[in-house]
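S.K.: Here's a structure for you.
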Amino acid sequence: MGLHPQIVQVLERAKKSPLPQLWEVPAHVARRIYRDTRAALAPQAPEVASASLVIAPGPVAMRYYRPLGSKPDEALPALVYFHGGGWVIGDPDTHDVLCRQLANGARCAVYSVDYRMGPEHPFPAAVEDCVAATQFVAGRHRQVAVGGDSAGGNLATVVALQAREAGGPELSYQLLIYPATDQRLAHPSIRRNGEGYLLTLKAMQYFQSKYLPGRADLEDWRASPLLAKSLANLPPAYVITAGYDPLVDEGRAYAERLAKEGVDVAYREYPDMVHGFILFGGVVDTANAAVEECCEKLRNAFSGVTA
């Protein structure tokens, strides 16, 4: 299947940008570029009941959303969300609209984690913050899911694995949106889709150099969860991939391994989409449909229905 016409327009817009490529500038400049360019593609931010700052032990800052129509004392299930951005860029602001959509659509609390990133705080700082944040949220809510996109999807898988290894907290679900699962950059789609579709091989190598300065860390399961010895006994999962994404092969491989090892998993590939598309709801209709499907999966999971 060819690229969706709305994605073609996004790519043409990106080609005309006078801004430098992310790998050509220091991390603090790359963060600004990412923040401003993503905001231009996002839909209007929906109203929620509240969005406030919460600090977990660590300390770890999180933006805490409650869905529109919920009461202040109402017990809600919770999603701990880890933003994408290659473990170097992105923050709760770049994913604010998505987290609002998830809170309202899944009718759950959402905690958007402002985890530490490279190069200032390389691996495993992000993992440590995300684990601490999840433990904190599990102390406040009876049902807790983890989720994230791209690097955040990677962190969600790692948090779920860590929780299994530690004997808790018990997690209800994993929402994995085009997750990065293998730092070796060896899957065929890395080369096939590594140029011309927003996320490039050069960008991935840049992010990796900032996040994983120790080359031995590439095969650590906390960086490459696809290399974990076992994926059995993990929470049910919904895995989304995009057909023109360099990460599509490793996302699919992770879903296949989950299913093979007995995990209840649903998998959906959007064949005409590119990496990052779920944030493009202001200009890409499929993004909003994908968010709605994520919300449905979360609602079902919190009510005891999976896959």
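Letters for chains follow the order of the structure tokens (A, B, ...), residue numbers begin at 1 for each chain, and ligand numbers begin at 1 in the order shown.
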Excluding Leu201 (chain A) and any residue of its chain fewer than 4 positions from it, enumerate the residues within 10 Å of it, using only C-alpha atoms, and give them as a VMD selection string.

M.R.: chain A and resid 185 190 to 196 205 to 207 246

S.K.: Give me, as CSV, each residue of region 84-107 of chain A that comes within 10 Å of region 267-278 of chain A, together with its shortest interatomic pair and the distance in Å at one decimal, counting only C-alpha atoms, with rows ordered by chain and rising residue number.

M.R.:
residue,atom,partner,partner_atom,distance
A:Gly84,CA,A:Gly276,CA,8.5
A:Gly85,CA,A:Gly276,CA,9.3
A:Leu98,CA,A:Ile278,CA,8.1

S.K.: If we count only C-alpha atoms, what is near region 100-105 of chain A at a cut-off of 8 Å, once residues fewer than 6 positions away on the same chain are taken out, given as a ChimeraX atom specification?

M.R.: /A:45-48,65-68,291-292,294-296

S.K.: So that I can check the secondary structure, give me every residue of region 260-307 of chain A assigned strand (DSSP E) by backbone DSSP, as a ChimeraX atom specification.

M.R.: /A:265-270

S.K.: For those residues, write N, CA and C atoms to a file as an mmCIF file, in the first residue's frame.

M.R.:
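Ended up saving to result-v7.cif:
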data_model
loop_
_atom_site.group_PDB
_atom_site.id
_atom_site.type_symbol
_atom_site.label_atom_id
_atom_site.label_comp_id
_atom_site.auth_asym_id
_atom_site.auth_seq_id
_atom_site.Cartn_x
_atom_site.Cartn_y
_atom_site.Cartn_z
ATOM 1 N N VAL A 265 -2.296 -10.657 23.235
ATOM 2 C CA VAL A 265 -1.840 -9.472 22.510
ATOM 3 C C VAL A 265 -2.700 -9.236 21.274
ATOM 4 N N ALA A 266 -3.029 -7.980 21.034
ATOM 5 C CA ALA A 266 -3.667 -7.557 19.795
ATOM 6 C C ALA A 266 -2.657 -6.721 19.019
ATOM 7 N N TYR A 267 -2.609 -6.919 17.711
ATOM 8 C CA TYR A 267 -1.630 -6.223 16.875
ATOM 9 C C TYR A 267 -2.339 -5.538 15.725
ATOM 10 N N ARG A 268 -1.948 -4.288 15.461
ATOM 11 C CA ARG A 268 -2.544 -3.539 14.349
ATOM 12 C C ARG A 268 -1.457 -2.760 13.629
ATOM 13 N N GLU A 269 -1.292 -3.045 12.344
ATOM 14 C CA GLU A 269 -0.380 -2.255 11.521
ATOM 15 C C GLU A 269 -1.191 -1.292 10.660
ATOM 16 N N TYR A 270 -0.784 -0.039 10.663
ATOM 17 C CA TYR A 270 -1.369 0.964 9.780
ATOM 18 C C TYR A 270 -0.437 1.077 8.581
#

S.K.: Env of Ser172 (chain A): 10 Å cut, atoms = only C-alpha atoms, seq-sep filter 3 positions within chain, self excluded. Answer as a short mmCIF file (atom, residue, chain, number, x, y, z; two decimals) with all heavy atoms, in the first residue's frame.

M.R.:
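Final file, out-v2.cif:
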data_model
loop_
_atom_site.label_atom_id
_atom_site.label_comp_id
_atom_site.auth_asym_id
_atom_site.auth_seq_id
_atom_site.Cartn_x
_atom_site.Cartn_y
_atom_site.Cartn_z
N PRO A 77 -9.23 4.00 37.08
CA PRO A 77 -8.02 3.28 36.66
C PRO A 77 -7.03 4.30 36.11
O PRO A 77 -7.39 5.46 35.84
CB PRO A 77 -8.54 2.35 35.55
CG PRO A 77 -9.74 3.04 35.02
CD PRO A 77 -10.37 3.77 36.18
N ALA A 78 -5.78 3.89 35.95
CA ALA A 78 -4.74 4.84 35.55
C ALA A 78 -3.86 4.27 34.45
O ALA A 78 -3.55 3.07 34.43
CB ALA A 78 -3.88 5.24 36.74
N LEU A 79 -3.45 5.16 33.56
CA LEU A 79 -2.45 4.86 32.54
C LEU A 79 -1.21 5.68 32.85
O LEU A 79 -1.29 6.90 32.96
CB LEU A 79 -2.98 5.22 31.15
CG LEU A 79 -1.96 5.20 30.01
CD1 LEU A 79 -1.47 3.78 29.73
CD2 LEU A 79 -2.56 5.83 28.74
N ARG A 142 -6.11 1.32 41.84
CA ARG A 142 -6.29 -0.14 41.90
C ARG A 142 -5.88 -0.80 40.59
O ARG A 142 -5.32 -1.90 40.59
CB ARG A 142 -7.75 -0.46 42.22
CG ARG A 142 -8.02 -1.95 42.44
CD ARG A 142 -9.45 -2.18 42.88
NE ARG A 142 -10.41 -1.76 41.87
CZ ARG A 142 -10.80 -2.53 40.84
NH1 ARG A 142 -10.30 -3.75 40.70
NH2 ARG A 142 -11.67 -2.09 39.97
N GLN A 143 -6.15 -0.16 39.47
CA GLN A 143 -5.78 -0.69 38.16
C GLN A 143 -4.81 0.27 37.48
O GLN A 143 -5.09 1.47 37.38
CB GLN A 143 -7.02 -0.86 37.26
CG GLN A 143 -7.92 -2.02 37.65
CD GLN A 143 -9.08 -2.10 36.67
OE1 GLN A 143 -9.94 -1.22 36.64
NE2 GLN A 143 -9.12 -3.15 35.88
N VAL A 144 -3.71 -0.28 36.98
CA VAL A 144 -2.70 0.55 36.35
C VAL A 144 -2.22 -0.12 35.06
O VAL A 144 -1.86 -1.30 35.05
CB VAL A 144 -1.49 0.77 37.28
CG1 VAL A 144 -0.39 1.54 36.57
CG2 VAL A 144 -1.92 1.50 38.54
N ALA A 145 -2.24 0.65 33.98
CA ALA A 145 -1.67 0.23 32.70
C ALA A 145 -0.45 1.10 32.41
O ALA A 145 -0.31 2.20 32.95
CB ALA A 145 -2.69 0.37 31.59
N VAL A 146 0.42 0.59 31.55
CA VAL A 146 1.55 1.39 31.07
C VAL A 146 1.44 1.55 29.57
O VAL A 146 0.88 0.68 28.88
CB VAL A 146 2.92 0.76 31.45
CG1 VAL A 146 3.14 0.80 32.95
CG2 VAL A 146 3.02 -0.67 30.92
N ALA A 160 7.11 -3.04 32.25
CA ALA A 160 6.33 -4.26 32.45
C ALA A 160 7.24 -5.44 32.76
O ALA A 160 6.93 -6.26 33.65
CB ALA A 160 5.49 -4.54 31.21
N PRO A 169 4.77 -3.82 40.67
CA PRO A 169 3.32 -3.86 40.85
C PRO A 169 2.62 -4.63 39.73
O PRO A 169 3.16 -4.76 38.62
CB PRO A 169 2.92 -2.39 40.81
CG PRO A 169 3.97 -1.75 39.97
CD PRO A 169 5.24 -2.47 40.28
N LEU A 234 3.55 -11.53 31.01
CA LEU A 234 3.45 -10.09 30.98
C LEU A 234 1.98 -9.69 30.83
O LEU A 234 1.14 -10.51 30.45
CB LEU A 234 4.26 -9.52 29.81
CG LEU A 234 5.78 -9.59 29.96
CD1 LEU A 234 6.46 -9.16 28.66
CD2 LEU A 234 6.25 -8.72 31.12
N PRO A 235 1.64 -8.43 31.11
CA PRO A 235 0.24 -8.00 30.98
C PRO A 235 -0.21 -8.08 29.51
O PRO A 235 0.61 -8.00 28.59
CB PRO A 235 0.27 -6.55 31.46
CG PRO A 235 1.54 -6.39 32.21
CD PRO A 235 2.50 -7.36 31.61
N PRO A 236 -1.50 -8.20 29.28
CA PRO A 236 -2.01 -8.12 27.91
C PRO A 236 -1.54 -6.83 27.24
O PRO A 236 -1.28 -5.83 27.92
CB PRO A 236 -3.53 -8.13 28.10
CG PRO A 236 -3.75 -8.77 29.43
CD PRO A 236 -2.57 -8.37 30.27
N ALA A 237 -1.47 -6.87 25.92
CA ALA A 237 -0.89 -5.72 25.20
C ALA A 237 -1.63 -5.44 23.91
O ALA A 237 -2.21 -6.34 23.29
CB ALA A 237 0.59 -5.99 24.91
N LEU A 298 -8.04 0.27 25.99
CA LEU A 298 -7.83 0.55 27.41
C LEU A 298 -9.13 0.38 28.20
O LEU A 298 -9.12 -0.22 29.29
CB LEU A 298 -7.30 1.98 27.59
CG LEU A 298 -5.83 2.19 27.20
CD1 LEU A 298 -5.52 3.67 27.12
CD2 LEU A 298 -4.90 1.51 28.21
N ALA A 301 -9.72 -3.25 28.63
CA ALA A 301 -8.77 -3.84 29.58
C ALA A 301 -9.14 -3.52 31.01
O ALA A 301 -9.09 -4.39 31.90
CB ALA A 301 -7.35 -3.35 29.27
N PHE A 302 -9.53 -2.29 31.27
CA PHE A 302 -9.89 -1.91 32.63
C PHE A 302 -11.18 -2.58 33.08
O PHE A 302 -11.41 -2.73 34.29
CB PHE A 302 -10.02 -0.39 32.73
CG PHE A 302 -8.71 0.35 32.64
CD1 PHE A 302 -8.59 1.50 31.86
CD2 PHE A 302 -7.58 -0.10 33.33
CE1 PHE A 302 -7.38 2.17 31.78
CE2 PHE A 302 -6.37 0.57 33.24
CZ PHE A 302 -6.28 1.71 32.46
N SER A 303 -12.00 -3.00 32.12
CA SER A 303 -13.26 -3.70 32.46
C SER A 303 -13.09 -5.20 32.43
O SER A 303 -14.07 -5.95 32.63
CB SER A 303 -14.38 -3.26 31.51
OG SER A 303 -14.10 -3.68 30.19
N GLY A 304 -11.87 -5.66 32.12
CA GLY A 304 -11.59 -7.10 32.17
C GLY A 304 -11.65 -7.80 30.84
O GLY A 304 -11.52 -9.02 30.77
N THR A 306 -9.84 -8.23 27.13
CA THR A 306 -8.58 -7.96 26.44
C THR A 306 -8.61 -8.51 25.02
O THR A 306 -9.56 -9.18 24.61
CB THR A 306 -7.38 -8.55 27.20
OG1 THR A 306 -7.59 -9.95 27.40
CG2 THR A 306 -7.22 -7.86 28.54
#

S.K.: Among region 72-168 of chain A, which residues carry a DSSP assignment of alpha helix (DSSP H), reported as a ChimeraX atom specification?

M.R.: /A:96-106,125-138,151-166

S.K.: Suppose you want the space between CA of Ala203 (chain A) and CA of Arg32 (chain A); what is it in Å?

M.R.: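 Rounded to one decimal, the two atoms are 15.4 Å apart.
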
S.K.: With distances taken over only C-alpha atoms, which residue among A:Ala242, A:Val29, A:Val248, A:Met204 lies nearest Ile7 (chain A)?

M.R.: A:Ala242

S.K.: Compare A:Ala106, A:Leu53, A:Ala223, A:Ala255 by their minimum atom-to-atom distance to Arg299 (chain A), counting only C-alpha atoms, and give me the closest one.

M.R.: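 That would be A:Ala106, the residue with the smallest distance to Arg299 (chain A).
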
S.K.: Given only C-alpha atoms as the basis, pick out the residue of A:Arg252, A:His141, A:Arg164, A:Lys16 nearest to Leu226 (chain A).

M.R.: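 Counting only C-alpha atoms, the residue closest to Leu226 (chain A) is A:Arg252.
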
S.K.: For CA of Pro92 (chain A) and CA of Tyr111 (chain A), determine how far apart the two atoms are, in Å to one decimal place.

M.R.: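 Interatomic distance here is 9.4 Å.
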
S.K.: What lies within 10 Å of Thr94 (chain A) using only C-alpha atoms, ignoring chain neighbours under 2 positions off, as a count of residues only?

M.R.: 20

S.K.: Give the answer as one residue: which of A:Val25, A:Leu41, A:Ala56, A:Ala125 has the shortest atom-to-atom distance to Arg13 (chain A), using only C-alpha atoms?

M.R.: A:Leu41

S.K.: So which one's closest to Val239 (chain A), A:Gln6, A:Gln183, A:Asn288, A:Ser150? Using only C-alpha atoms, please.

M.R.: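 Ranking A:Gln6, A:Gln183, A:Asn288, A:Ser150 by distance to Val239 (chain A), first place goes to A:Ser150.
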